[in-house]
file my_file.pdb (PDB, C-alpha atoms)
ATOM      1  CA  MET A   1      43.814  -1.307 -27.492  1.00  0.00           C
ATOM      2  CA  LEU A   2      42.289  -3.714 -29.996  1.00  0.00           C
ATOM      3  CA  TRP A   3      45.594  -4.531 -31.716  1.00  0.00           C
ATOM      4  CA  ARG A   4      47.115  -5.657 -28.406  1.00  0.00           C
ATOM      5  CA  ARG A   5      44.140  -7.920 -27.744  1.00  0.00           C
ATOM      6  CA  VAL A   6      44.442  -9.403 -31.215  1.00  0.00           C
ATOM      7  CA  ALA A   7      48.208  -9.903 -30.883  1.00  0.00           C
ATOM      8  CA  THR A   8      47.838 -11.674 -27.535  1.00  0.00           C
ATOM      9  CA  ALA A   9      45.022 -13.847 -28.867  1.00  0.00           C
ATOM     10  CA  ALA A  10      47.131 -14.715 -31.924  1.00  0.00           C
ATOM     11  CA  VAL A  11      49.763 -16.156 -29.584  1.00  0.00           C
ATOM     12  CA  LEU A  12      47.490 -17.853 -27.062  1.00  0.00           C
ATOM     13  CA  ALA A  13      44.862 -19.347 -29.364  1.00  0.00           C
ATOM     14  CA  PRO A  14      47.266 -21.666 -31.258  1.00  0.00           C
ATOM     15  CA  LEU A  15      48.711 -22.887 -27.945  1.00  0.00           C
ATOM     16  CA  VAL A  16      45.263 -23.665 -26.578  1.00  0.00           C
ATOM     17  CA  LEU A  17      44.161 -25.367 -29.792  1.00  0.00           C
ATOM     18  CA  ALA A  18      47.369 -27.399 -29.891  1.00  0.00           C
ATOM     19  CA  ALA A  19      46.752 -28.625 -26.333  1.00  0.00           C
ATOM     20  CA  ILE A  20      43.189 -29.648 -27.256  1.00  0.00           C
ATOM     21  CA  ALA A  21      44.432 -31.446 -30.375  1.00  0.00           C
ATOM     22  CA  ALA A  22      47.058 -33.316 -28.354  1.00  0.00           C
ATOM     23  CA  GLY A  23      44.535 -34.184 -25.650  1.00  0.00           C
ATOM     24  CA  GLY A  24      45.302 -36.131 -22.498  1.00  0.00           C
ATOM     25  CA  ALA A  25      48.221 -34.829 -20.480  1.00  0.00           C
ATOM     26  CA  ALA A  26      48.547 -31.675 -22.602  1.00  0.00           C
ATOM     27  CA  VAL A  27      44.997 -30.586 -21.731  1.00  0.00           C
ATOM     28  CA  TYR A  28      45.504 -31.397 -18.072  1.00  0.00           C
ATOM     29  CA  ALA A  29      48.787 -29.500 -17.922  1.00  0.00           C
ATOM     30  CA  ALA A  30      47.169 -26.461 -19.556  1.00  0.00           C
ATOM     31  CA  LEU A  31      44.305 -26.544 -17.034  1.00  0.00           C
ATOM     32  CA  LEU A  32      46.666 -26.765 -14.079  1.00  0.00           C
ATOM     33  CA  ALA A  33      48.750 -23.896 -15.461  1.00  0.00           C
ATOM     34  CA  ALA A  34      45.618 -21.776 -15.896  1.00  0.00           C
ATOM     35  CA  GLY A  35      44.533 -22.658 -12.364  1.00  0.00           C
ATOM     36  CA  ALA A  36      47.900 -21.676 -10.927  1.00  0.00           C
ATOM     37  CA  ALA A  37      47.913 -18.358 -12.794  1.00  0.00           C
ATOM     38  CA  ALA A  38      44.322 -17.593 -11.760  1.00  0.00           C
ATOM     39  CA  SER A  39      45.024 -18.434  -8.135  1.00  0.00           C
ATOM     40  CA  TYR A  40      48.032 -16.102  -8.153  1.00  0.00           C
ATOM     41  CA  GLU A  41      45.905 -13.260  -9.498  1.00  0.00           C
ATOM     42  CA  LEU A  42      43.235 -13.842  -6.865  1.00  0.00           C
ATOM     43  CA  SER A  43      45.819 -14.020  -4.102  1.00  0.00           C
ATOM     44  CA  ARG A  44      47.003 -10.540  -5.093  1.00  0.00           C
ATOM     45  CA  ALA A  45      43.525  -9.102  -5.613  1.00  0.00           C
ATOM     46  CA  LEU A  46      42.192 -10.459  -2.313  1.00  0.00           C
ATOM     47  CA  ALA A  47      45.410 -10.101  -0.255  1.00  0.00           C
ATOM     48  CA  LEU A  48      45.538 -13.850   0.414  1.00  0.00           C
ATOM     49  CA  PRO A  49      48.550 -16.189   0.627  1.00  0.00           C
ATOM     50  CA  PHE A  50      49.299 -17.746  -2.750  1.00  0.00           C
ATOM     51  CA  ALA A  51      49.408 -21.234  -1.197  1.00  0.00           C
ATOM     52  CA  ALA A  52      45.865 -20.744   0.103  1.00  0.00           C
ATOM     53  CA  THR A  53      44.400 -19.895  -3.286  1.00  0.00           C
ATOM     54  CA  LEU A  54      46.575 -22.406  -5.171  1.00  0.00           C
ATOM     55  CA  VAL A  55      45.200 -25.437  -3.340  1.00  0.00           C
ATOM     56  CA  GLY A  56      41.660 -24.137  -3.706  1.00  0.00           C
ATOM     57  CA  ALA A  57      42.071 -23.766  -7.471  1.00  0.00           C
ATOM     58  CA  LEU A  58      43.851 -27.060  -8.112  1.00  0.00           C
ATOM     59  CA  ALA A  59      42.087 -29.442  -5.716  1.00  0.00           C
ATOM     60  CA  PRO A  60      38.960 -29.977  -7.898  1.00  0.00           C
ATOM     61  CA  PRO A  61      40.819 -30.750 -11.165  1.00  0.00           C
ATOM     62  CA  VAL A  62      43.388 -32.903  -9.362  1.00  0.00           C
ATOM     63  CA  LEU A  63      40.680 -34.980  -7.628  1.00  0.00           C
ATOM     64  CA  ALA A  64      38.611 -35.122 -10.828  1.00  0.00           C
ATOM     65  CA  LEU A  65      41.343 -37.138 -12.542  1.00  0.00           C
ATOM     66  CA  PRO A  66      40.905 -40.287 -10.408  1.00  0.00           C
ATOM     67  CA  PHE A  67      37.339 -39.759  -9.137  1.00  0.00           C
ATOM     68  CA  GLY A  68      35.473 -38.005 -11.954  1.00  0.00           C
ATOM     69  CA  ALA A  69      32.540 -35.755 -11.102  1.00  0.00           C
ATOM     70  CA  GLU A  70      32.626 -36.896  -7.480  1.00  0.00           C
ATOM     71  CA  GLY A  71      36.185 -35.635  -7.306  1.00  0.00           C
ATOM     72  CA  VAL A  72      35.053 -32.177  -8.404  1.00  0.00           C
ATOM     73  CA  LEU A  73      32.640 -32.027  -5.466  1.00  0.00           C
ATOM     74  CA  GLY A  74      35.317 -33.374  -3.129  1.00  0.00           C
ATOM     75  CA  GLY A  75      37.766 -30.709  -4.277  1.00  0.00           C
ATOM     76  CA  VAL A  76      35.220 -27.946  -3.683  1.00  0.00           C
ATOM     77  CA  LEU A  77      34.329 -29.268  -0.218  1.00  0.00           C
ATOM     78  CA  LEU A  78      38.030 -29.476   0.627  1.00  0.00           C
ATOM     79  CA  GLY A  79      38.033 -25.693   0.342  1.00  0.00           C
ATOM     80  CA  VAL A  80      36.086 -25.406   3.627  1.00  0.00           C
ATOM     81  CA  PRO A  81      38.617 -27.061   5.973  1.00  0.00           C
ATOM     82  CA  TRP A  82      41.409 -25.492   3.921  1.00  0.00           C
ATOM     83  CA  ALA A  83      39.914 -22.057   4.586  1.00  0.00           C
ATOM     84  CA  LEU A  84      39.563 -22.938   8.287  1.00  0.00           C
ATOM     85  CA  LEU A  85      43.250 -23.825   8.427  1.00  0.00           C
ATOM     86  CA  TRP A  86      44.283 -20.405   7.127  1.00  0.00           C
ATOM     87  CA  LEU A  87      41.835 -18.623   9.386  1.00  0.00           C
ATOM     88  CA  GLY A  88      43.487 -20.361  12.321  1.00  0.00           C
ATOM     89  CA  VAL A  89      47.045 -19.696  11.190  1.00  0.00           C
ATOM     90  CA  LEU A  90      46.760 -16.057  10.103  1.00  0.00           C
ATOM     91  CA  PRO A  91      44.660 -13.735  12.281  1.00  0.00           C
ATOM     92  CA  ARG A  92      44.637 -11.080   9.540  1.00  0.00           C
ATOM     93  CA  LEU A  93      42.460 -13.373   7.423  1.00  0.00           C
ATOM     94  CA  ARG A  94      39.675 -13.493   9.995  1.00  0.00           C
ATOM     95  CA  ASN A  95      37.327 -11.204   8.105  1.00  0.00           C
ATOM     96  CA  GLU A  96      34.441 -11.588   5.685  1.00  0.00           C
ATOM     97  CA  ARG A  97      36.420 -10.640   2.578  1.00  0.00           C
ATOM     98  CA  ALA A  98      39.204 -13.176   3.200  1.00  0.00           C
ATOM     99  CA  LEU A  99      36.774 -15.953   4.110  1.00  0.00           C
ATOM    100  CA  LEU A 100      34.602 -15.416   1.044  1.00  0.00           C
ATOM    101  CA  GLY A 101      37.723 -15.205  -1.116  1.00  0.00           C
ATOM    102  CA  LEU A 102      39.039 -18.521   0.181  1.00  0.00           C
ATOM    103  CA  LEU A 103      35.700 -20.187  -0.546  1.00  0.00           C
ATOM    104  CA  LEU A 104      35.298 -18.474  -3.916  1.00  0.00           C
ATOM    105  CA  VAL A 105      38.474 -19.913  -5.436  1.00  0.00           C
ATOM    106  CA  PRO A 106      37.486 -23.620  -5.563  1.00  0.00           C
ATOM    107  CA  VAL A 107      33.920 -22.813  -6.648  1.00  0.00           C
ATOM    108  CA  TRP A 108      34.674 -20.199  -9.301  1.00  0.00           C
ATOM    109  CA  VAL A 109      38.056 -21.402 -10.596  1.00  0.00           C
ATOM    110  CA  GLY A 110      38.755 -24.970  -9.480  1.00  0.00           C
ATOM    111  CA  ALA A 111      35.447 -26.661 -10.278  1.00  0.00           C
ATOM    112  CA  PRO A 112      35.034 -25.203 -13.798  1.00  0.00           C
ATOM    113  CA  LEU A 113      38.602 -26.217 -14.702  1.00  0.00           C
ATOM    114  CA  ALA A 114      37.805 -29.707 -13.448  1.00  0.00           C
ATOM    115  CA  PHE A 115      34.719 -29.849 -15.683  1.00  0.00           C
ATOM    116  CA  LEU A 116      36.912 -29.021 -18.675  1.00  0.00           C
ATOM    117  CA  ALA A 117      39.080 -32.007 -17.759  1.00  0.00           C
ATOM    118  CA  LEU A 118      35.958 -34.173 -17.542  1.00  0.00           C
ATOM    119  CA  ILE A 119      34.760 -32.957 -20.955  1.00  0.00           C
ATOM    120  CA  SER A 120      38.081 -33.963 -22.486  1.00  0.00           C
ATOM    121  CA  GLY A 121      37.548 -37.480 -21.131  1.00  0.00           C
ATOM    122  CA  LEU A 122      34.117 -37.938 -22.697  1.00  0.00           C
ATOM    123  CA  GLU A 123      33.469 -39.748 -25.967  1.00  0.00           C
ATOM    124  CA  HIS A 124      34.603 -37.411 -28.754  1.00  0.00           C
ATOM    125  CA  GLY A 125      36.218 -35.429 -25.947  1.00  0.00           C
ATOM    126  CA  ARG A 126      38.511 -33.364 -28.171  1.00  0.00           C
ATOM    127  CA  ALA A 127      35.588 -32.174 -30.292  1.00  0.00           C
ATOM    128  CA  MET A 128      33.457 -31.391 -27.252  1.00  0.00           C
ATOM    129  CA  LEU A 129      36.280 -29.541 -25.551  1.00  0.00           C
ATOM    130  CA  LEU A 130      36.960 -27.569 -28.730  1.00  0.00           C
ATOM    131  CA  VAL A 131      33.333 -26.386 -28.881  1.00  0.00           C
ATOM    132  CA  THR A 132      33.337 -25.535 -25.166  1.00  0.00           C
ATOM    133  CA  VAL A 133      36.545 -23.521 -25.331  1.00  0.00           C
ATOM    134  CA  VAL A 134      36.015 -21.788 -28.671  1.00  0.00           C
ATOM    135  CA  GLY A 135      32.325 -21.060 -28.014  1.00  0.00           C
ATOM    136  CA  PRO A 136      33.018 -18.212 -25.550  1.00  0.00           C
ATOM    137  CA  TRP A 137      35.541 -16.722 -28.004  1.00  0.00           C
ATOM    138  CA  VAL A 138      32.878 -16.641 -30.708  1.00  0.00           C
ATOM    139  CA  SER A 139      30.303 -15.237 -28.297  1.00  0.00           C
ATOM    140  CA  ASP A 140      32.673 -12.498 -27.134  1.00  0.00           C
ATOM    141  CA  ALA A 141      33.529 -11.569 -30.725  1.00  0.00           C
ATOM    142  CA  GLY A 142      29.899 -11.530 -31.858  1.00  0.00           C
ATOM    143  CA  ALA A 143      28.863  -9.424 -28.873  1.00  0.00           C
ATOM    144  CA  TYR A 144      31.765  -7.017 -29.334  1.00  0.00           C
ATOM    145  CA  PHE A 145      31.319  -6.322 -33.023  1.00  0.00           C
ATOM    146  CA  LEU A 146      27.517  -6.145 -33.116  1.00  0.00           C
ATOM    147  CA  GLY A 147      27.513  -4.111 -29.921  1.00  0.00           C
ATOM    148  CA  LEU A 148      30.049  -1.735 -31.451  1.00  0.00           C
ATOM    149  CA  ALA A 149      28.017  -1.387 -34.631  1.00  0.00           C
ATOM    150  CA  ALA A 150      24.467  -1.297 -33.300  1.00  0.00           C
ATOM    151  CA  GLY A 151      24.554  -1.300 -29.507  1.00  0.00           C
ATOM    152  CA  ARG A 152      21.947   1.050 -28.076  1.00  0.00           C
ATOM    153  CA  HIS A 153      20.225  -0.519 -25.072  1.00  0.00           C
ATOM    154  CA  ARG A 154      22.368  -1.233 -22.019  1.00  0.00           C
ATOM    155  CA  ILE A 155      21.329  -4.325 -20.092  1.00  0.00           C
ATOM    156  CA  PHE A 156      23.412  -4.131 -16.901  1.00  0.00           C
ATOM    157  CA  PRO A 157      24.760  -0.556 -16.754  1.00  0.00           C
ATOM    158  CA  VAL A 158      25.794  -0.822 -13.097  1.00  0.00           C
ATOM    159  CA  LEU A 159      27.835  -3.997 -13.558  1.00  0.00           C
ATOM    160  CA  SER A 160      29.132  -3.480 -17.085  1.00  0.00           C
ATOM    161  CA  PRO A 161      28.241  -0.199 -18.840  1.00  0.00           C
ATOM    162  CA  ALA A 162      29.524  -1.411 -22.216  1.00  0.00           C
ATOM    163  CA  LYS A 163      27.207  -4.429 -22.414  1.00  0.00           C
ATOM    164  CA  THR A 164      24.190  -3.903 -24.670  1.00  0.00           C
ATOM    165  CA  LEU A 165      21.172  -5.974 -25.602  1.00  0.00           C
ATOM    166  CA  GLU A 166      22.197  -5.840 -29.259  1.00  0.00           C
ATOM    167  CA  GLY A 167      25.679  -7.064 -28.432  1.00  0.00           C
ATOM    168  CA  SER A 168      24.303  -9.886 -26.306  1.00  0.00           C
ATOM    169  CA  LEU A 169      22.059 -11.009 -29.161  1.00  0.00           C
ATOM    170  CA  GLY A 170      25.041 -10.822 -31.499  1.00  0.00           C
ATOM    171  CA  GLY A 171      26.938 -13.181 -29.232  1.00  0.00           C
ATOM    172  CA  LEU A 172      24.008 -15.585 -29.112  1.00  0.00           C
ATOM    173  CA  LEU A 173      23.551 -15.634 -32.884  1.00  0.00           C
ATOM    174  CA  ALA A 174      27.248 -15.997 -33.625  1.00  0.00           C
ATOM    175  CA  THR A 175      27.689 -18.882 -31.182  1.00  0.00           C
ATOM    176  CA  ALA A 176      24.538 -20.641 -32.370  1.00  0.00           C
ATOM    177  CA  ALA A 177      25.783 -20.435 -35.971  1.00  0.00           C
ATOM    178  CA  ALA A 178      29.237 -21.669 -34.919  1.00  0.00           C
ATOM    179  CA  GLY A 179      27.615 -24.547 -33.020  1.00  0.00           C
ATOM    180  CA  ALA A 180      25.577 -25.540 -36.067  1.00  0.00           C
ATOM    181  CA  LEU A 181      28.728 -25.480 -38.192  1.00  0.00           C
ATOM    182  CA  ALA A 182      30.554 -27.568 -35.585  1.00  0.00           C
ATOM    183  CA  GLY A 183      27.699 -30.058 -35.803  1.00  0.00           C
ATOM    184  CA  LEU A 184      28.441 -30.505 -39.501  1.00  0.00           C
ATOM    185  CA  LEU A 185      32.195 -30.839 -39.107  1.00  0.00           C
ATOM    186  CA  LEU A 186      32.892 -32.518 -35.763  1.00  0.00           C
ATOM    187  CA  PRO A 187      32.115 -36.055 -34.558  1.00  0.00           C
ATOM    188  CA  GLY A 188      29.565 -36.553 -31.818  1.00  0.00           C
ATOM    189  CA  LEU A 189      27.483 -33.519 -32.762  1.00  0.00           C
ATOM    190  CA  SER A 190      24.624 -32.751 -35.139  1.00  0.00           C
ATOM    191  CA  PRO A 191      23.734 -29.262 -36.353  1.00  0.00           C
ATOM    192  CA  SER A 192      20.745 -29.154 -33.995  1.00  0.00           C
ATOM    193  CA  THR A 193      22.668 -30.270 -30.911  1.00  0.00           C
ATOM    194  CA  GLY A 194      25.537 -27.984 -31.876  1.00  0.00           C
ATOM    195  CA  THR A 195      23.125 -25.056 -32.072  1.00  0.00           C
ATOM    196  CA  VAL A 196      21.641 -25.819 -28.642  1.00  0.00           C
ATOM    197  CA  LEU A 197      25.087 -26.219 -27.164  1.00  0.00           C
ATOM    198  CA  GLY A 198      26.227 -22.963 -28.763  1.00  0.00           C
ATOM    199  CA  LEU A 199      23.268 -21.047 -27.338  1.00  0.00           C
ATOM    200  CA  ALA A 200      23.850 -22.457 -23.848  1.00  0.00           C
ATOM    201  CA  ILE A 201      27.545 -21.657 -23.990  1.00  0.00           C
ATOM    202  CA  SER A 202      26.862 -18.094 -25.097  1.00  0.00           C
ATOM    203  CA  VAL A 203      24.332 -17.416 -22.317  1.00  0.00           C
ATOM    204  CA  SER A 204      26.562 -18.902 -19.626  1.00  0.00           C
ATOM    205  CA  SER A 205      29.720 -17.257 -20.916  1.00  0.00           C
ATOM    206  CA  GLN A 206      28.052 -13.842 -20.946  1.00  0.00           C
ATOM    207  CA  ALA A 207      26.946 -14.474 -17.365  1.00  0.00           C
ATOM    208  CA  GLY A 208      30.544 -15.333 -16.469  1.00  0.00           C
ATOM    209  CA  ASP A 209      31.769 -12.082 -17.936  1.00  0.00           C
ATOM    210  CA  LEU A 210      29.198 -10.136 -15.928  1.00  0.00           C
ATOM    211  CA  PHE A 211      30.137 -11.984 -12.754  1.00  0.00           C
ATOM    212  CA  GLU A 212      33.767 -10.967 -13.069  1.00  0.00           C
ATOM    213  CA  SER A 213      32.727  -7.387 -13.844  1.00  0.00           C
ATOM    214  CA  ALA A 214      30.720  -7.364 -10.614  1.00  0.00           C
ATOM    215  CA  LEU A 215      33.650  -8.828  -8.667  1.00  0.00           C
ATOM    216  CA  LYS A 216      36.050  -6.192  -9.984  1.00  0.00           C
ATOM    217  CA  ARG A 217      33.641  -3.431  -9.042  1.00  0.00           C
ATOM    218  CA  ILE A 218      33.320  -4.839  -5.530  1.00  0.00           C
ATOM    219  CA  LEU A 219      37.107  -4.977  -5.215  1.00  0.00           C
ATOM    220  CA  GLY A 220      37.598  -1.590  -6.888  1.00  0.00           C
ATOM    221  CA  LEU A 221      39.895  -3.011  -9.573  1.00  0.00           C
ATOM    222  CA  LYS A 222      40.035  -2.418 -13.317  1.00  0.00           C
ATOM    223  CA  ASP A 223      41.571  -5.836 -13.987  1.00  0.00           C
ATOM    224  CA  LEU A 224      42.383  -8.780 -11.758  1.00  0.00           C
ATOM    225  CA  GLY A 225      45.832  -9.100 -13.310  1.00  0.00           C
ATOM    226  CA  ASP A 226      48.151  -7.891 -16.046  1.00  0.00           C
ATOM    227  CA  LEU A 227      49.604 -11.113 -17.417  1.00  0.00           C
ATOM    228  CA  LEU A 228      48.023 -10.778 -20.873  1.00  0.00           C
ATOM    229  CA  PRO A 229      48.574  -7.494 -22.764  1.00  0.00           C
ATOM    230  CA  GLY A 230      45.287  -6.012 -23.919  1.00  0.00           C
ATOM    231  CA  HIS A 231      43.252  -8.524 -21.902  1.00  0.00           C
ATOM    232  CA  GLY A 232      44.310  -7.898 -18.313  1.00  0.00           C
ATOM    233  CA  GLY A 233      44.917 -11.103 -16.395  1.00  0.00           C
ATOM    234  CA  ILE A 234      44.203 -14.760 -17.057  1.00  0.00           C
ATOM    235  CA  LEU A 235      40.860 -14.434 -15.249  1.00  0.00           C
ATOM    236  CA  ASP A 236      39.886 -11.577 -17.538  1.00  0.00           C
ATOM    237  CA  ARG A 237      40.426 -14.004 -20.414  1.00  0.00           C
ATOM    238  CA  ILE A 238      38.764 -17.155 -19.000  1.00  0.00           C
ATOM    239  CA  ASP A 239      35.924 -15.615 -16.964  1.00  0.00           C
ATOM    240  CA  SER A 240      33.409 -16.595 -19.654  1.00  0.00           C
ATOM    241  CA  LEU A 241      34.789 -20.124 -19.907  1.00  0.00           C
ATOM    242  CA  LEU A 242      34.526 -20.683 -16.150  1.00  0.00           C
ATOM    243  CA  PHE A 243      30.749 -20.322 -16.319  1.00  0.00           C
ATOM    244  CA  ALA A 244      30.395 -22.143 -19.638  1.00  0.00           C
ATOM    245  CA  ALA A 245      32.358 -25.286 -18.695  1.00  0.00           C
ATOM    246  CA  PRO A 246      29.931 -26.893 -16.192  1.00  0.00           C
ATOM    247  CA  VAL A 247      26.924 -25.944 -18.340  1.00  0.00           C
ATOM    248  CA  ALA A 248      28.540 -27.536 -21.385  1.00  0.00           C
ATOM    249  CA  TYR A 249      29.510 -30.693 -19.470  1.00  0.00           C
ATOM    250  CA  TYR A 250      26.019 -31.454 -18.202  1.00  0.00           C
ATOM    251  CA  LEU A 251      24.343 -30.436 -21.462  1.00  0.00           C
ATOM    252  CA  ILE A 252      26.661 -32.728 -23.432  1.00  0.00           C
ATOM    253  CA  LEU A 253      25.678 -35.604 -21.133  1.00  0.00           C
ATOM    254  CA  LEU A 254      21.998 -34.709 -21.514  1.00  0.00           C
ATOM    255  CA  LEU A 255      22.141 -34.438 -25.293  1.00  0.00           C
ATOM    256  CA  ALA A 256      24.042 -37.707 -25.529  1.00  0.00           C
TER     257      ALA A 256
END
call {"tool": "encode", "arguments": {"input": "my_file.pdb", "output": "structure tokens"}}
result
Amino acid sequence: MLWRRVATAAVLAPLVLAAIAAGGAAVYAALLAAGAAASYELSRALALPFAATLVGALAPPVLALPFGAEGVLGGVLLGVPWALLWLGVLPRLRNERALLGLLLVPVWVGAPLAFLALISGLEHGRAMLLVTVVGPWVSDAGAYFLGLAAGRHRIFPVLSPAKTLEGSLGGLLATAAAGALAGLLLPGLSPSTGTVLGLAISVSSQAGDLFESALKRILGLKDLGDLLPGHGGILDRIDSLLFAAPVAYYLILLLA
């Protein structure tokens, strides 16, 4: 129900914004907590040991702290021998679903969380992280409300029957406008760069939402978790952000 989604967001959003405002260790702690929660959900959804998914989710952000972008790649590549270890220890994991799940965690969860840590370390990092995190919220809201009011043409009915072309355009317009406004208010951005960043975040965040919809259909699940009332699990809340984070990081470097 909508009121449950709003109530949960009213609790979570101030916590997230407070972590961004504090910066540094607060951001890193929030990312590690999100990674741990996401890895727990995936361990249940994919019938994998929690320790196996936990290392896959946390290795990229942990290695990104001392090594930067190279650490993100190192953390992802660590997922291969880590998967091999579990395949050797537990015979029940020697199947395609378990193997792909073990490799999915560092790529889908760990690396994007690491890119958020890298964004926070850039010049004007708090402002850039704020745009990256809030952008998918704005895109989701714009897509939801315009899709509800005027949605007629479904774009991916097999993956996500509720997604419409009108809603997608609503998300794009809302995030572009929010990016332009951020360019007026935040350091390190101009209205034009904020608009470009907003558009890129909206496109990538909508792709992230569709990816998780496809994954849930493959697994035959309605939600990947139930931690957040009205939202499902943590992955149901950050799926858009996981796709938006690397796009935002490289676009911020390019625009700079």
call {"tool": "atom_distance", "arguments": {"input": "my_file.pdb", "atom1": "atom CA of A:Ile155", "atom2": "atom CA of A:Ile201"}}
result
18.8 Å
call {"tool": "residues_near_point", "arguments": {"input": "my_file.pdb", "point": "(42.8, -21.9, -5.8)", "cutoff": "8 Å", "atoms": "all atoms listed in the file", "output": "VMD selection string"}}
result
chain A and resid 35 to 36 38 to 39 52 to 59 102 105 to 106 109 to 110
call {"tool": "resolve_selection", "arguments": {"input": "my_file.pdb", "expression": "the PyMOL selection byres ((chain A and resi 111) around 10)", "output": "VMD selection string"}}
result
chain A and resid 56 to 61 64 69 71 to 76 105 to 110 112 to 117 242 to 243 245 to 246
call {"tool": "write_last_selection", "arguments": {"input": "my_file.pdb", "atoms": "C-alpha atoms", "output": "PDB file, keeping the file's coordinate frame"}}
result
ATOM      1  CA  GLY A  56      41.660 -24.137  -3.706  1.00  0.00           C
ATOM      2  CA  ALA A  57      42.071 -23.766  -7.471  1.00  0.00           C
ATOM      3  CA  LEU A  58      43.851 -27.060  -8.112  1.00  0.00           C
ATOM      4  CA  ALA A  59      42.087 -29.442  -5.716  1.00  0.00           C
ATOM      5  CA  PRO A  60      38.960 -29.977  -7.898  1.00  0.00           C
ATOM      6  CA  PRO A  61      40.819 -30.750 -11.165  1.00  0.00           C
ATOM      7  CA  ALA A  64      38.611 -35.122 -10.828  1.00  0.00           C
ATOM      8  CA  ALA A  69      32.540 -35.755 -11.102  1.00  0.00           C
ATOM      9  CA  GLY A  71      36.185 -35.635  -7.306  1.00  0.00           C
ATOM     10  CA  VAL A  72      35.053 -32.177  -8.404  1.00  0.00           C
ATOM     11  CA  LEU A  73      32.640 -32.027  -5.466  1.00  0.00           C
ATOM     12  CA  GLY A  74      35.317 -33.374  -3.129  1.00  0.00           C
ATOM     13  CA  GLY A  75      37.766 -30.709  -4.277  1.00  0.00           C
ATOM     14  CA  VAL A  76      35.220 -27.946  -3.683  1.00  0.00           C
ATOM     15  CA  VAL A 105      38.474 -19.913  -5.436  1.00  0.00           C
ATOM     16  CA  PRO A 106      37.486 -23.620  -5.563  1.00  0.00           C
ATOM     17  CA  VAL A 107      33.920 -22.813  -6.648  1.00  0.00           C
ATOM     18  CA  TRP A 108      34.674 -20.199  -9.301  1.00  0.00           C
ATOM     19  CA  VAL A 109      38.056 -21.402 -10.596  1.00  0.00           C
ATOM     20  CA  GLY A 110      38.755 -24.970  -9.480  1.00  0.00           C
ATOM     21  CA  PRO A 112      35.034 -25.203 -13.798  1.00  0.00           C
ATOM     22  CA  LEU A 113      38.602 -26.217 -14.702  1.00  0.00           C
ATOM     23  CA  ALA A 114      37.805 -29.707 -13.448  1.00  0.00           C
ATOM     24  CA  PHE A 115      34.719 -29.849 -15.683  1.00  0.00           C
ATOM     25  CA  LEU A 116      36.912 -29.021 -18.675  1.00  0.00           C
ATOM     26  CA  ALA A 117      39.080 -32.007 -17.759  1.00  0.00           C
ATOM     27  CA  LEU A 242      34.526 -20.683 -16.150  1.00  0.00           C
ATOM     28  CA  PHE A 243      30.749 -20.322 -16.319  1.00  0.00           C
ATOM     29  CA  ALA A 245      32.358 -25.286 -18.695  1.00  0.00           C
ATOM     30  CA  PRO A 246      29.931 -26.893 -16.192  1.00  0.00           C
TER      31      PRO A 246
END
call {"tool": "resolve_selection", "arguments": {"input": "my_file.pdb", "expression": "the PyMOL selection byres ((chain A and resi 127) around 9)", "output": "PyMOL selection string"}}
result
chain A and resi 20-21+120+123-126+128-132+182+186-189
call {"tool": "closest_residue", "arguments": {"input": "my_file.pdb", "among": "A:Leu199, A:Leu215, A:Leu99, A:Leu224", "to": "A:Glu41", "atoms": "all atoms listed in the file"}}
result
A:Leu224
call {"tool": "atom_distance", "arguments": {"input": "my_file.pdb", "atom1": "atom CA of A:Leu104", "atom2": "atom CA of A:Leu235"}}
result
13.3 Å
call {"tool": "atom_distance", "arguments": {"input": "my_file.pdb", "atom1": "atom CA of A:Ala149", "atom2": "atom CA of A:Gly167"}}
result
8.7 Å
call {"tool": "closest_residue", "arguments": {"input": "my_file.pdb", "among": "A:Ala30, A:Gly179, A:His153, A:Gly147", "to": "A:Ala18", "atoms": "only C-alpha atoms"}}
result
A:Ala30
call {"tool": "resolve_selection", "arguments": {"input": "my_file.pdb", "expression": "the PyMOL selection byres ((chain A and resi 87) around 12)", "output": "VMD selection string"}}
result
chain A and resid 48 to 49 52 80 to 86 88 to 103
call {"tool": "write_last_selection", "arguments": {"input": "my_file.pdb", "atoms": "C-alpha atoms", "output": "mmCIF file, in the coordinates of the input"}}
result
data_model
loop_
_atom_site.group_PDB
_atom_site.id
_atom_site.type_symbol
_atom_site.label_atom_id
_atom_site.label_comp_id
_atom_site.auth_asym_id
_atom_site.auth_seq_id
_atom_site.Cartn_x
_atom_site.Cartn_y
_atom_site.Cartn_z
ATOM 1 C CA LEU A 48 45.538 -13.850 0.414
ATOM 2 C CA PRO A 49 48.550 -16.189 0.627
ATOM 3 C CA ALA A 52 45.865 -20.744 0.103
ATOM 4 C CA VAL A 80 36.086 -25.406 3.627
ATOM 5 C CA PRO A 81 38.617 -27.061 5.973
ATOM 6 C CA TRP A 82 41.409 -25.492 3.921
ATOM 7 C CA ALA A 83 39.914 -22.057 4.586
ATOM 8 C CA LEU A 84 39.563 -22.938 8.287
ATOM 9 C CA LEU A 85 43.250 -23.825 8.427
ATOM 10 C CA TRP A 86 44.283 -20.405 7.127
ATOM 11 C CA GLY A 88 43.487 -20.361 12.321
ATOM 12 C CA VAL A 89 47.045 -19.696 11.190
ATOM 13 C CA LEU A 90 46.760 -16.057 10.103
ATOM 14 C CA PRO A 91 44.660 -13.735 12.281
ATOM 15 C CA ARG A 92 44.637 -11.080 9.540
ATOM 16 C CA LEU A 93 42.460 -13.373 7.423
ATOM 17 C CA ARG A 94 39.675 -13.493 9.995
ATOM 18 C CA ASN A 95 37.327 -11.204 8.105
ATOM 19 C CA GLU A 96 34.441 -11.588 5.685
ATOM 20 C CA ARG A 97 36.420 -10.640 2.578
ATOM 21 C CA ALA A 98 39.204 -13.176 3.200
ATOM 22 C CA LEU A 99 36.774 -15.953 4.110
ATOM 23 C CA LEU A 100 34.602 -15.416 1.044
ATOM 24 C CA GLY A 101 37.723 -15.205 -1.116
ATOM 25 C CA LEU A 102 39.039 -18.521 0.181
ATOM 26 C CA LEU A 103 35.700 -20.187 -0.546
#
